[in-house]
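What's in model_2.txt: compact mmCIF, C-alpha atoms
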# COMPACT_ATOMS: atom_id res chain seq x y z
CA MET A 1 -12.48 -145.70 -23.26
CA GLY A 2 -8.73 -145.80 -23.82
CA LEU A 3 -5.86 -144.74 -21.57
CA GLY A 4 -6.54 -147.81 -19.43
CA LYS A 5 -9.52 -146.33 -17.56
CA LYS A 6 -12.66 -148.25 -16.59
CA THR A 7 -15.87 -146.25 -16.84
CA ILE A 8 -19.20 -146.47 -15.05
CA ASP A 9 -20.75 -147.84 -18.23
CA ASP A 10 -18.65 -150.98 -17.84
CA GLN A 11 -20.91 -152.36 -15.12
CA ASN A 12 -24.26 -152.08 -13.36
CA TYR A 13 -24.05 -150.86 -9.77
CA CYS A 14 -27.41 -152.14 -8.53
CA GLY A 15 -27.31 -152.64 -4.76
CA LYS A 16 -23.75 -151.43 -4.40
CA LYS A 17 -22.67 -148.58 -2.14
CA VAL A 18 -20.72 -146.29 -4.48
CA LEU A 19 -18.49 -143.48 -3.21
CA VAL A 20 -18.38 -140.76 -5.88
CA ARG A 21 -15.72 -138.04 -5.73
CA CYS A 22 -17.27 -134.96 -7.30
CA ASP A 23 -16.06 -131.41 -7.70
CA PHE A 24 -18.54 -129.29 -5.77
CA ASN A 25 -16.02 -126.52 -5.12
CA VAL A 26 -18.61 -123.93 -6.11
CA PRO A 27 -18.46 -120.17 -5.52
CA MET A 28 -20.64 -118.93 -2.67
CA LYS A 29 -21.60 -115.58 -1.20
CA ASP A 30 -23.26 -115.39 2.20
CA GLY A 31 -24.05 -119.09 2.06
CA VAL A 32 -25.69 -118.87 -1.37
CA ILE A 33 -24.24 -120.67 -4.38
CA THR A 34 -23.57 -118.10 -7.09
CA ASN A 35 -22.68 -120.53 -9.89
CA GLU A 36 -24.06 -124.07 -10.04
CA ASN A 37 -22.16 -125.23 -13.11
CA ARG A 38 -19.99 -127.74 -11.28
CA ILE A 39 -23.05 -129.25 -9.63
CA ASN A 40 -24.76 -129.52 -13.00
CA ALA A 41 -21.66 -131.16 -14.43
CA ALA A 42 -21.89 -134.00 -11.91
CA LEU A 43 -25.54 -134.82 -12.61
CA PRO A 44 -25.13 -137.32 -15.48
CA THR A 45 -22.88 -139.61 -13.45
CA ILE A 46 -25.07 -139.35 -10.35
CA GLN A 47 -28.23 -140.00 -12.37
CA LYS A 48 -26.72 -143.06 -14.05
CA LEU A 49 -25.85 -144.58 -10.68
CA VAL A 50 -29.28 -143.76 -9.28
CA ASN A 51 -30.91 -145.38 -12.31
CA ASP A 52 -28.76 -148.47 -11.77
CA GLY A 53 -30.13 -148.76 -8.24
CA ALA A 54 -26.85 -147.93 -6.53
CA LYS A 55 -26.57 -146.37 -3.10
CA VAL A 56 -24.79 -143.17 -4.09
CA ILE A 57 -22.46 -141.54 -1.56
CA LEU A 58 -21.10 -138.21 -2.77
CA CYS A 59 -18.02 -136.45 -1.46
CA SER A 60 -16.16 -133.28 -2.37
CA HIS A 61 -14.04 -130.49 -0.97
CA LEU A 62 -15.12 -126.86 -0.84
CA GLY A 63 -12.65 -124.03 -0.44
CA LYS A 64 -9.60 -124.20 1.79
CA PRO A 65 -10.54 -124.48 5.45
CA LYS A 66 -7.48 -123.50 7.48
CA ASN A 67 -8.52 -124.40 11.00
CA GLY A 68 -10.66 -127.49 10.66
CA PRO A 69 -14.44 -127.29 10.15
CA GLU A 70 -15.87 -123.87 9.31
CA ALA A 71 -19.55 -123.22 8.66
CA LYS A 72 -18.83 -121.10 5.58
CA PHE A 73 -17.26 -124.14 3.90
CA SER A 74 -20.12 -126.52 4.63
CA LEU A 75 -21.57 -128.47 1.70
CA ALA A 76 -25.11 -128.11 3.07
CA PRO A 77 -26.16 -125.66 0.29
CA VAL A 78 -24.90 -128.16 -2.29
CA ALA A 79 -27.20 -130.86 -0.85
CA VAL A 80 -30.16 -128.51 -1.24
CA ALA A 81 -29.24 -127.72 -4.84
CA LEU A 82 -28.73 -131.39 -5.69
CA SER A 83 -32.08 -132.32 -4.21
CA ALA A 84 -33.82 -129.81 -6.44
CA LYS A 85 -31.98 -130.89 -9.56
CA LEU A 86 -32.36 -134.65 -9.01
CA GLY A 87 -35.99 -134.36 -7.95
CA LYS A 88 -35.33 -136.39 -4.81
CA THR A 89 -34.01 -135.83 -1.33
CA VAL A 90 -30.24 -135.84 -1.01
CA VAL A 91 -29.44 -136.60 2.61
CA PHE A 92 -26.70 -134.37 3.98
CA ALA A 93 -24.51 -136.16 6.52
CA ASP A 94 -23.37 -133.19 8.58
CA ASP A 95 -20.34 -134.56 10.37
CA ASP A 96 -17.34 -132.41 11.16
CA ASN A 97 -15.42 -135.67 11.09
CA VAL A 98 -16.88 -136.35 7.60
CA VAL A 99 -17.21 -140.07 8.35
CA GLY A 100 -18.88 -139.75 11.75
CA GLU A 101 -22.03 -141.12 13.29
CA ASN A 102 -24.33 -139.09 11.05
CA ALA A 103 -22.62 -140.35 7.91
CA LYS A 104 -22.56 -143.96 9.06
CA ALA A 105 -26.23 -143.85 10.06
CA ALA A 106 -27.24 -142.19 6.78
CA VAL A 107 -25.41 -144.81 4.73
CA ALA A 108 -26.81 -147.66 6.79
CA ALA A 109 -30.35 -146.40 6.16
CA MET A 110 -29.93 -146.12 2.38
CA ASN A 111 -32.15 -147.94 -0.08
CA ASN A 112 -31.22 -148.59 -3.69
CA GLY A 113 -31.25 -145.33 -5.63
CA ASP A 114 -30.75 -143.12 -2.57
CA VAL A 115 -28.18 -140.34 -2.46
CA VAL A 116 -26.12 -139.13 0.52
CA LEU A 117 -23.71 -136.19 0.51
CA LEU A 118 -20.85 -136.20 2.99
CA GLN A 119 -19.48 -133.07 4.62
CA ASN A 120 -16.49 -131.19 3.15
CA THR A 121 -13.60 -133.63 2.91
CA ARG A 122 -11.13 -130.90 3.84
CA PHE A 123 -12.70 -130.67 7.29
CA ARG A 124 -10.36 -133.58 7.92
CA LYS A 125 -6.75 -132.39 7.99
CA GLU A 126 -5.64 -135.80 6.74
CA GLU A 127 -7.34 -135.15 3.38
CA THR A 128 -4.69 -132.97 1.76
CA LYS A 129 -1.87 -135.01 3.30
CA ASN A 130 -3.32 -138.27 1.91
CA LEU A 131 -3.03 -140.02 5.26
CA PRO A 132 -4.35 -143.58 5.48
CA GLU A 133 -6.69 -143.00 8.43
CA PHE A 134 -9.10 -140.84 6.47
CA SER A 135 -8.72 -142.92 3.31
CA GLN A 136 -9.76 -146.00 5.28
CA ASP A 137 -12.71 -144.15 6.83
CA LEU A 138 -14.02 -143.16 3.40
CA ALA A 139 -13.46 -146.63 1.99
CA SER A 140 -15.36 -148.20 4.89
CA LEU A 141 -18.59 -146.67 3.60
CA ALA A 142 -18.52 -148.14 0.10
CA ASP A 143 -18.16 -151.19 -2.15
CA ALA A 144 -17.06 -149.22 -5.21
CA TYR A 145 -15.44 -145.88 -6.02
CA VAL A 146 -16.05 -143.49 -8.93
CA ASP A 147 -13.86 -140.47 -9.62
CA ASP A 148 -15.68 -137.74 -11.49
CA ALA A 149 -13.74 -134.73 -10.15
CA PHE A 150 -11.69 -133.71 -13.16
CA GLY A 151 -10.65 -130.42 -11.55
CA SER A 152 -9.21 -132.22 -8.50
CA CYS A 153 -7.98 -135.54 -9.83
CA HIS A 154 -4.38 -134.34 -10.13
CA ARG A 155 -4.14 -133.96 -6.35
CA ALA A 156 -2.94 -136.92 -4.30
CA HIS A 157 -5.53 -136.52 -1.55
CA CYS A 158 -7.41 -139.13 0.47
CA SER A 159 -10.65 -138.72 -1.50
CA THR A 160 -8.95 -138.75 -4.91
CA ALA A 161 -6.08 -141.20 -4.45
CA GLY A 162 -5.71 -142.75 -1.00
CA VAL A 163 -9.19 -144.28 -0.95
CA THR A 164 -8.33 -146.43 -3.97
CA ASP A 165 -5.81 -148.33 -1.84
CA TYR A 166 -8.76 -149.80 0.03
CA ILE A 167 -11.47 -150.01 -2.67
CA LYS A 168 -10.49 -152.07 -5.68
CA ASP A 169 -13.71 -151.65 -7.70
CA THR A 170 -12.93 -148.25 -9.23
CA ALA A 171 -14.01 -146.36 -12.33
CA VAL A 172 -14.28 -142.87 -13.78
CA GLY A 173 -17.53 -141.02 -14.31
CA TYR A 174 -18.83 -139.39 -17.48
CA LEU A 175 -17.10 -136.08 -16.83
CA MET A 176 -13.70 -137.69 -16.37
CA GLU A 177 -14.23 -140.01 -19.32
CA LYS A 178 -14.97 -137.18 -21.72
CA GLU A 179 -12.11 -135.01 -20.51
CA ILE A 180 -9.59 -137.85 -20.79
CA LYS A 181 -10.76 -138.76 -24.27
CA TYR A 182 -10.65 -135.20 -25.53
CA LEU A 183 -7.35 -134.26 -23.96
CA GLY A 184 -5.74 -137.54 -24.93
CA ASN A 185 -6.60 -137.02 -28.57
CA ALA A 186 -5.74 -133.33 -28.63
CA VAL A 187 -2.35 -133.72 -26.96
CA ASN A 188 -1.17 -137.14 -28.10
CA ASP A 189 -2.48 -136.97 -31.66
CA PRO A 190 -2.79 -133.25 -32.39
CA VAL A 191 -3.63 -131.58 -35.64
CA ARG A 192 -0.42 -129.80 -36.61
CA PRO A 193 1.14 -127.30 -36.37
CA PHE A 194 0.92 -127.83 -32.58
CA THR A 195 1.83 -124.89 -30.33
CA ALA A 196 2.10 -124.74 -26.55
CA ILE A 197 2.12 -121.51 -24.54
CA LEU A 198 3.48 -121.51 -21.00
CA GLY A 199 3.25 -118.57 -18.60
CA GLY A 200 3.32 -118.16 -14.87
CA ALA A 201 6.19 -117.51 -12.54
CA LYS A 202 8.31 -120.50 -11.76
CA VAL A 203 10.36 -122.65 -14.12
CA ALA A 204 10.52 -125.25 -11.34
CA ASP A 205 6.73 -125.73 -11.51
CA LYS A 206 6.97 -126.80 -15.14
CA LEU A 207 10.19 -128.82 -15.36
CA ASN A 208 8.68 -132.05 -16.69
CA VAL A 209 6.04 -130.23 -18.72
CA ILE A 210 8.60 -128.14 -20.61
CA SER A 211 10.80 -131.12 -21.38
CA ASN A 212 7.91 -133.30 -22.49
CA LEU A 213 6.30 -130.57 -24.55
CA LEU A 214 9.50 -130.31 -26.54
CA GLU A 215 8.90 -133.94 -27.53
CA LYS A 216 5.41 -133.14 -28.84
CA VAL A 217 5.05 -129.58 -30.11
CA ASP A 218 6.16 -127.71 -33.19
CA THR A 219 6.35 -124.37 -31.37
CA LEU A 220 6.80 -123.59 -27.66
CA ILE A 221 6.05 -120.07 -26.45
CA ILE A 222 7.31 -119.08 -23.00
CA GLY A 223 6.08 -115.90 -21.35
CA GLY A 224 5.18 -114.69 -17.89
CA GLY A 225 7.63 -114.52 -15.01
CA MET A 226 9.36 -117.74 -15.99
CA ALA A 227 10.58 -116.18 -19.24
CA TYR A 228 13.07 -114.00 -17.38
CA THR A 229 15.02 -117.04 -16.19
CA PHE A 230 15.37 -118.09 -19.83
CA ILE A 231 16.38 -114.56 -20.79
CA LYS A 232 19.05 -114.46 -18.10
CA ALA A 233 20.24 -117.90 -19.23
CA GLN A 234 20.97 -116.24 -22.57
CA GLY A 235 23.31 -113.84 -20.77
CA TYR A 236 21.10 -110.75 -20.49
CA GLU A 237 20.36 -108.50 -17.50
CA VAL A 238 16.83 -108.93 -16.11
CA GLY A 239 16.88 -106.24 -13.41
CA LYS A 240 14.44 -106.93 -10.55
CA SER A 241 12.38 -109.33 -12.68
CA LEU A 242 11.49 -112.75 -11.33
CA CYS A 243 14.38 -115.11 -11.93
CA ASP A 244 15.36 -118.51 -10.56
CA ASP A 245 19.14 -118.60 -10.74
CA SER A 246 19.16 -122.27 -9.73
CA LYS A 247 17.40 -123.14 -13.00
CA LEU A 248 19.67 -121.26 -15.44
CA ASP A 249 21.45 -124.44 -16.52
CA TYR A 250 18.10 -126.18 -16.96
CA CYS A 251 16.90 -123.37 -19.23
CA LYS A 252 20.06 -123.67 -21.29
CA GLU A 253 19.42 -127.42 -21.61
CA MET A 254 15.84 -126.81 -22.75
CA MET A 255 16.93 -124.25 -25.35
CA ALA A 256 19.49 -126.73 -26.66
CA LYS A 257 16.88 -129.49 -26.70
CA ALA A 258 14.49 -127.31 -28.69
CA GLN A 259 17.18 -126.69 -31.28
CA GLU A 260 18.02 -130.40 -31.42
CA LYS A 261 14.35 -131.38 -31.85
CA GLY A 262 13.66 -128.70 -34.44
CA VAL A 263 11.11 -127.03 -32.15
CA LYS A 264 10.67 -123.27 -32.52
CA LEU A 265 11.17 -121.85 -29.01
CA LEU A 266 9.78 -118.32 -28.75
CA LEU A 267 10.69 -116.02 -25.86
CA PRO A 268 9.62 -112.40 -25.35
CA VAL A 269 11.60 -109.86 -27.36
CA ASP A 270 10.38 -106.87 -25.36
CA THR A 271 8.84 -106.31 -21.95
CA ALA A 272 6.79 -103.76 -20.01
CA CYS A 273 8.77 -102.70 -16.93
CA VAL A 274 7.97 -100.80 -13.74
CA GLU A 275 9.90 -99.66 -10.70
CA ASN A 276 7.09 -100.53 -8.26
CA PHE A 277 3.67 -102.17 -8.43
CA PRO A 278 0.63 -99.87 -8.32
CA ASP A 279 -1.29 -99.57 -5.05
CA PRO A 280 -4.23 -100.07 -5.33
CA ILE A 281 -3.97 -102.49 -8.21
CA ASP A 282 -5.95 -100.30 -10.62
CA ALA A 283 -3.98 -97.14 -9.84
CA PRO A 284 -2.12 -95.51 -12.74
CA VAL A 285 1.47 -96.67 -13.08
CA GLU A 286 4.25 -95.59 -15.36
CA THR A 287 5.48 -98.46 -17.54
CA THR A 288 8.45 -98.55 -19.83
CA VAL A 289 8.66 -100.93 -22.79
CA VAL A 290 12.22 -102.04 -23.49
CA PRO A 291 13.87 -104.86 -25.43
CA VAL A 292 14.56 -107.88 -23.22
CA THR A 293 18.22 -107.33 -24.00
CA ALA A 294 18.10 -103.94 -22.25
CA ILE A 295 16.06 -104.32 -19.04
CA PRO A 296 17.19 -101.62 -16.57
CA ALA A 297 18.74 -102.91 -13.35
CA ASP A 298 16.24 -100.96 -11.22
CA LYS A 299 13.11 -102.16 -13.03
CA GLU A 300 11.01 -105.31 -13.09
CA GLY A 301 9.46 -106.89 -16.16
CA CYS A 302 5.73 -107.40 -15.54
CA ASP A 303 4.26 -108.15 -18.97
CA ILE A 304 5.29 -108.91 -22.51
CA GLY A 305 5.63 -105.93 -24.84
CA PRO A 306 3.83 -105.18 -28.13
CA GLU A 307 6.47 -106.80 -30.35
CA SER A 308 6.25 -109.99 -28.30
CA MET A 309 2.45 -109.89 -28.53
CA LYS A 310 2.67 -109.76 -32.32
CA LEU A 311 5.33 -112.48 -32.46
CA PHE A 312 3.31 -114.82 -30.26
CA ALA A 313 -0.01 -114.01 -31.96
CA ASP A 314 1.41 -114.79 -35.39
CA ALA A 315 2.59 -118.19 -34.13
CA VAL A 316 -0.83 -118.93 -32.63
CA LYS A 317 -2.70 -117.95 -35.78
CA ALA A 318 -0.50 -120.28 -37.82
CA SER A 319 -1.33 -123.24 -35.55
CA LYS A 320 -4.02 -125.91 -35.70
CA THR A 321 -3.76 -127.05 -32.06
CA VAL A 322 -2.82 -124.80 -29.11
CA VAL A 323 -2.33 -125.62 -25.42
CA TRP A 324 -2.07 -122.56 -23.17
CA ASN A 325 -1.34 -122.39 -19.45
CA GLY A 326 -0.47 -119.30 -17.49
CA PRO A 327 -0.72 -115.55 -18.06
CA MET A 328 1.87 -113.49 -19.90
CA GLY A 329 2.09 -110.88 -17.13
CA VAL A 330 0.81 -109.98 -13.66
CA PHE A 331 -2.70 -110.31 -15.01
CA GLU A 332 -4.60 -109.11 -11.94
CA PHE A 333 -3.05 -105.66 -12.38
CA PRO A 334 -4.87 -104.01 -15.31
CA ALA A 335 -1.67 -102.32 -16.44
CA PHE A 336 0.00 -105.71 -16.90
CA ALA A 337 -2.88 -107.67 -18.45
CA ASN A 338 -2.32 -106.59 -22.05
CA GLY A 339 -0.09 -109.51 -23.03
CA THR A 340 -2.51 -112.09 -21.65
CA LYS A 341 -5.46 -110.41 -23.35
CA ALA A 342 -3.52 -110.28 -26.62
CA MET A 343 -2.94 -114.03 -26.45
CA ALA A 344 -6.61 -114.65 -25.73
CA LYS A 345 -7.61 -112.46 -28.67
CA ALA A 346 -5.22 -114.34 -30.97
CA LEU A 347 -6.76 -117.64 -29.89
CA ALA A 348 -10.29 -116.31 -30.35
CA GLU A 349 -9.40 -115.24 -33.89
CA SER A 350 -7.63 -118.47 -34.78
CA GLY A 351 -9.23 -121.59 -36.14
CA ALA A 352 -7.18 -123.80 -33.82
CA VAL A 353 -8.36 -126.44 -31.38
CA THR A 354 -7.41 -124.85 -28.06
CA ILE A 355 -6.99 -126.19 -24.54
CA ILE A 356 -6.56 -123.48 -21.93
CA GLY A 357 -5.65 -124.15 -18.31
CA GLY A 358 -5.35 -121.71 -15.44
CA GLY A 359 -7.90 -119.30 -14.02
CA ASP A 360 -6.64 -116.06 -15.53
CA SER A 361 -5.92 -117.66 -18.90
CA ALA A 362 -9.47 -118.99 -19.07
CA ALA A 363 -10.96 -115.70 -17.90
CA ALA A 364 -9.04 -113.80 -20.55
CA ALA A 365 -10.12 -116.25 -23.24
CA GLY A 366 -13.76 -115.98 -22.21
CA ALA A 367 -13.57 -112.21 -22.15
CA ALA A 368 -11.98 -112.08 -25.60
CA ARG A 369 -14.79 -114.16 -27.04
CA ALA A 370 -17.59 -112.36 -25.23
CA GLY A 371 -16.13 -108.89 -25.76
CA ARG A 372 -16.09 -107.95 -22.06
CA PRO A 373 -13.39 -107.15 -19.52
CA PRO A 374 -11.73 -110.28 -18.09
CA SER A 375 -12.38 -111.47 -14.56
CA SER A 376 -10.59 -114.14 -12.59
CA SER A 377 -11.79 -117.72 -12.96
CA ALA A 378 -10.59 -121.16 -12.06
CA SER A 379 -11.64 -123.08 -15.12
CA PRO A 380 -9.71 -124.69 -17.93
CA THR A 381 -10.99 -124.00 -21.44
CA ARG A 382 -11.09 -125.69 -24.81
CA SER A 383 -12.53 -124.54 -28.10
CA ARG A 384 -13.72 -125.54 -31.55
CA THR A 385 -16.18 -127.98 -33.09
CA SER A 386 -19.10 -129.59 -31.27
CA PRO A 387 -18.91 -131.37 -27.92
CA PRO A 388 -19.16 -135.16 -27.59
CA ALA A 389 -22.64 -136.67 -27.30
CA ALA A 390 -22.40 -136.96 -23.52
CA ALA A 391 -21.37 -133.33 -23.35
CA ARG A 392 -24.34 -132.24 -25.45
CA ARG A 393 -26.60 -133.70 -22.78
CA LEU A 394 -24.82 -132.35 -19.73
CA SER A 395 -21.21 -132.30 -18.71
CA SER A 396 -18.28 -130.27 -17.49
CA TRP A 397 -17.83 -128.01 -20.45
CA ARG A 398 -19.55 -124.67 -20.89
CA ALA A 399 -20.18 -123.54 -24.44
CA ARG A 400 -19.58 -120.01 -25.60
CA SER A 401 -19.91 -118.50 -29.03
CA CYS A 402 -16.72 -117.53 -30.81
CA ARG A 403 -16.30 -115.58 -34.01
CA ALA A 404 -13.77 -118.03 -35.39
CA SER A 405 -15.09 -121.32 -34.04
CA PRO A 406 -18.51 -122.68 -33.14
CA ALA A 407 -17.93 -122.98 -29.40
CA CYS A 408 -15.48 -122.56 -26.56
CA TRP A 409 -15.84 -125.05 -23.73
CA ILE A 410 -14.76 -124.12 -20.24
CA SER A 411 -14.05 -127.03 -17.92
CA ASN A 412 -15.75 -127.75 -14.60
CA ASN A 413 -18.97 -126.25 -15.86
CA ILE A 414 -22.15 -127.30 -17.61
CA VAL A 415 -22.56 -127.51 -21.36
CA LEU A 416 -24.79 -124.71 -22.56
CA PRO A 417 -25.90 -123.96 -26.10
CA ALA A 418 -23.73 -121.22 -27.52
CA GLN A 419 -26.63 -118.83 -27.73
CA ARG A 420 -27.01 -119.01 -23.95
CA ARG A 421 -23.44 -117.93 -23.31
CA ASP A 422 -24.48 -114.71 -21.56
CA ARG A 423 -25.74 -116.75 -18.63
CA ALA A 424 -22.36 -118.38 -18.19
CA SER A 425 -20.30 -115.88 -16.22
CA ALA A 426 -16.69 -116.60 -15.32
CA GLN A 427 -16.70 -117.24 -11.59
CA GLY A 428 -14.69 -119.44 -9.24
CA ALA A 429 -11.80 -119.21 -6.87
CA ALA A 430 -10.70 -115.94 -5.32
CA ARG A 431 -8.37 -113.81 -7.39
CA GLN A 432 -4.75 -114.69 -6.89
CA ARG A 433 -1.49 -113.49 -8.30
CA VAL A 434 -1.00 -116.57 -10.43
CA PHE A 435 1.83 -114.88 -12.34
CA ARG A 436 3.88 -115.22 -9.17
CA SER A 437 2.41 -118.38 -7.67
CA GLY A 438 1.76 -120.53 -10.76
CA ALA A 439 -1.68 -121.74 -11.79
CA PHE A 440 -1.47 -125.42 -10.86
CA PRO A 441 0.91 -127.52 -8.76
CA TRP A 442 2.06 -129.35 -11.88
CA GLY A 443 2.26 -126.13 -13.84
CA MET A 444 -0.35 -127.27 -16.30
CA LEU A 445 -4.04 -127.91 -16.69
CA PRO A 446 -4.39 -131.05 -14.53
CA GLY A 447 -5.66 -133.30 -17.30
CA VAL A 448 -2.97 -132.10 -19.67
CA ALA A 449 -0.32 -132.55 -17.01
CA CYS A 450 -1.37 -136.15 -16.56
CA LEU A 451 -0.78 -136.73 -20.26
CA LEU A 452 2.42 -134.70 -20.62
CA ASP A 453 4.16 -135.44 -17.35
CA LYS A 454 5.29 -138.94 -18.35
Write out the structure in this file as structure tokens.
Amino acid sequence: MGLGKKTIDDQNYCGKKVLVRCDFNVPMKDGVITNENRINAALPTIQKLVNDGAKVILCSHLGKPKNGPEAKFSLAPVAVALSAKLGKTVVFADDDNVVGENAKAAVAAMNNGDVVLLQNTRFRKEETKNLPEFSQDLASLADAYVDDAFGSCHRAHCSTAGVTDYIKDTAVGYLMEKEIKYLGNAVNDPVRPFTAILGGAKVADKLNVISNLLEKVDTLIIGGGMAYTFIKAQGYEVGKSLCDDSKLDYCKEMMAKAQEKGVKLLLPVDTACVENFPDPIDAPVETTVVPVTAIPADKEGCDIGPESMKLFADAVKASKTVVWNGPMGVFEFPAFANGTKAMAKALAESGAVTIIGGGDSAAAAGAARAGRPPSSSASPTRSRTSPPAAARRLSSWRARSCRASPACWISNNIVLPAQRRDRASAQGAARQRVFRSGAFPWGMLPGVACLLDK
């Protein structure tokens, strides 16, 4: 498949116990799954292994349990949904220890083609710390390991990384295979002009990404909170705006590198400022649009201004490939969502191949295409042309109609025909102030980060 990855099509798993890391981090309300797209996305890989005659052991995290096992984060509803979709019983091994007596007994009783779902991997505190004890416990259940959790594969956790120290027969599932192929082609061999848009708060989150993008793109647009560090590095006052003074020299280096490489580096030219954030978030607030060269000392920049929106939109519309991560302002506040929505609209009206990472960026893109108000999401997006053959059957991308391109695919969801887009609502993780916290640990859509951060 390229990029040095072995896929599940490279062998037959008959009789083998196969641990499959899926992404079943589905939204729930009162114990009921409200969006099954991530479950649907895992079905092709699971079905292939079942057809091979493998003993399929599924694992995933759900949410962020803070104090060990919590009933509201149990994967029991996922087992019920999987059973219905696969047309066979999926045994749920309900162990707070994940690999406890129930799990061991369920695996021991498996016949070829059976499916077992383990309890939430984050019920074990070792999971997120990638400690060997839990990695060994998981590995003890299986002969082979398959990673099909594209939305989680960038995390060095026991179930995504540590387990492979103890299981050498490893491969990626169909979801991972398709994502890697698409992202690899789009980022490493893009149709030019190639533009990248970075938002979010912290320059530190995107150090390697910024530097490596300057090796690949024709235009780099920087907005969001991180832009103010670049603006201050140019010698301007930024008032109370977010700014990392420890990264001023780095920003100067990146601006010099862009000039050396012939990359057009675009920063905001104006900004929407406030004295204080509205409370509640949808309360009216007085904003002042000023040039970035004249930000008042007592105000904070919270969104790009109209001139910046036009500047950035023109660059996007002139591009053939666009990668976007991170909002242009404090997107969860309606008063500061205009810049992000303007970028989404520009992408929707462009003919570019687009890859969008970050919950608010994806929500804005979906809203721009569907003509509805944006809501928070946790899904990366891509657009244009038709999905790969595997994706047309069932995979992690959700299709939407778009005026300028045949479809927009949102990661970690099922492929749907474009005409069924109204059923695909943007749901996922709880709303968060990603402008301040950053959308991903690596500051980029995980799959893109894997390709750029090297």
Could you list, as a ChimeraX atom specification, every residue within 8 Å of Ile197 of chain A, counting all atoms listed in the file and ignoring same-chain residues fewer than 6 positions away? /A:220-223,322-326
Selection to disk with C-alpha atoms, as a PDB file, in the frame of the given file:
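What ended up in selection11.pdb:
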ATOM      1  CA  LEU A 220       6.800-123.590 -27.660  1.00  0.00           C
ATOM      2  CA  ILE A 221       6.050-120.070 -26.450  1.00  0.00           C
ATOM      3  CA  ILE A 222       7.310-119.080 -23.000  1.00  0.00           C
ATOM      4  CA  GLY A 223       6.080-115.900 -21.350  1.00  0.00           C
ATOM      5  CA  VAL A 322      -2.820-124.800 -29.110  1.00  0.00           C
ATOM      6  CA  VAL A 323      -2.330-125.620 -25.420  1.00  0.00           C
ATOM      7  CA  TRP A 324      -2.070-122.560 -23.170  1.00  0.00           C
ATOM      8  CA  ASN A 325      -1.340-122.390 -19.450  1.00  0.00           C
ATOM      9  CA  GLY A 326      -0.470-119.300 -17.490  1.00  0.00           C
TER      10      GLY A 326
END
So, with all atoms listed in the file as the atoms that count, which of A:Val18, A:Val187, A:Leu248, A:Val80 lies closest to Ala142 of chain A? A:Val18
Sel. within 10 Å of pt (-22.3, -149.8, -0.1), counting only C-alpha atoms, output as a PyMOL selection string: chain A and resi 13+15-19+54-57+107-108+110+112+139-145
May I have the residues within 7 Å of Lys317 of chain A as JSON, numbers by chain, using all atoms listed in the file and disregarding those fewer than 2 positions away in the same chain? {"A": [313, 314, 315, 319, 346, 350]}
For segment 261-263 of chain A, please output as a PyMOL selection string all residues within 7 Å (counting all atoms listed in the file; exclusion window: fewer than 2 positions along the same chain). chain A and resi 214+217-219+257-259+265
Between atom CA of Phe336 of chain A and atom CA of Gly224 of chain A, measure the distance and give it in Å to one decimal.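 Here the two named atoms are 10.4 Å from each other.
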Report, in Å with one decimal, the straight-line distance from atom CA of Thr45 of chain A to atom CA of Lys6 of chain A.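 Spanning atom CA of Thr45 of chain A to atom CA of Lys6 of chain A is a straight-line distance of 13.7 Å.
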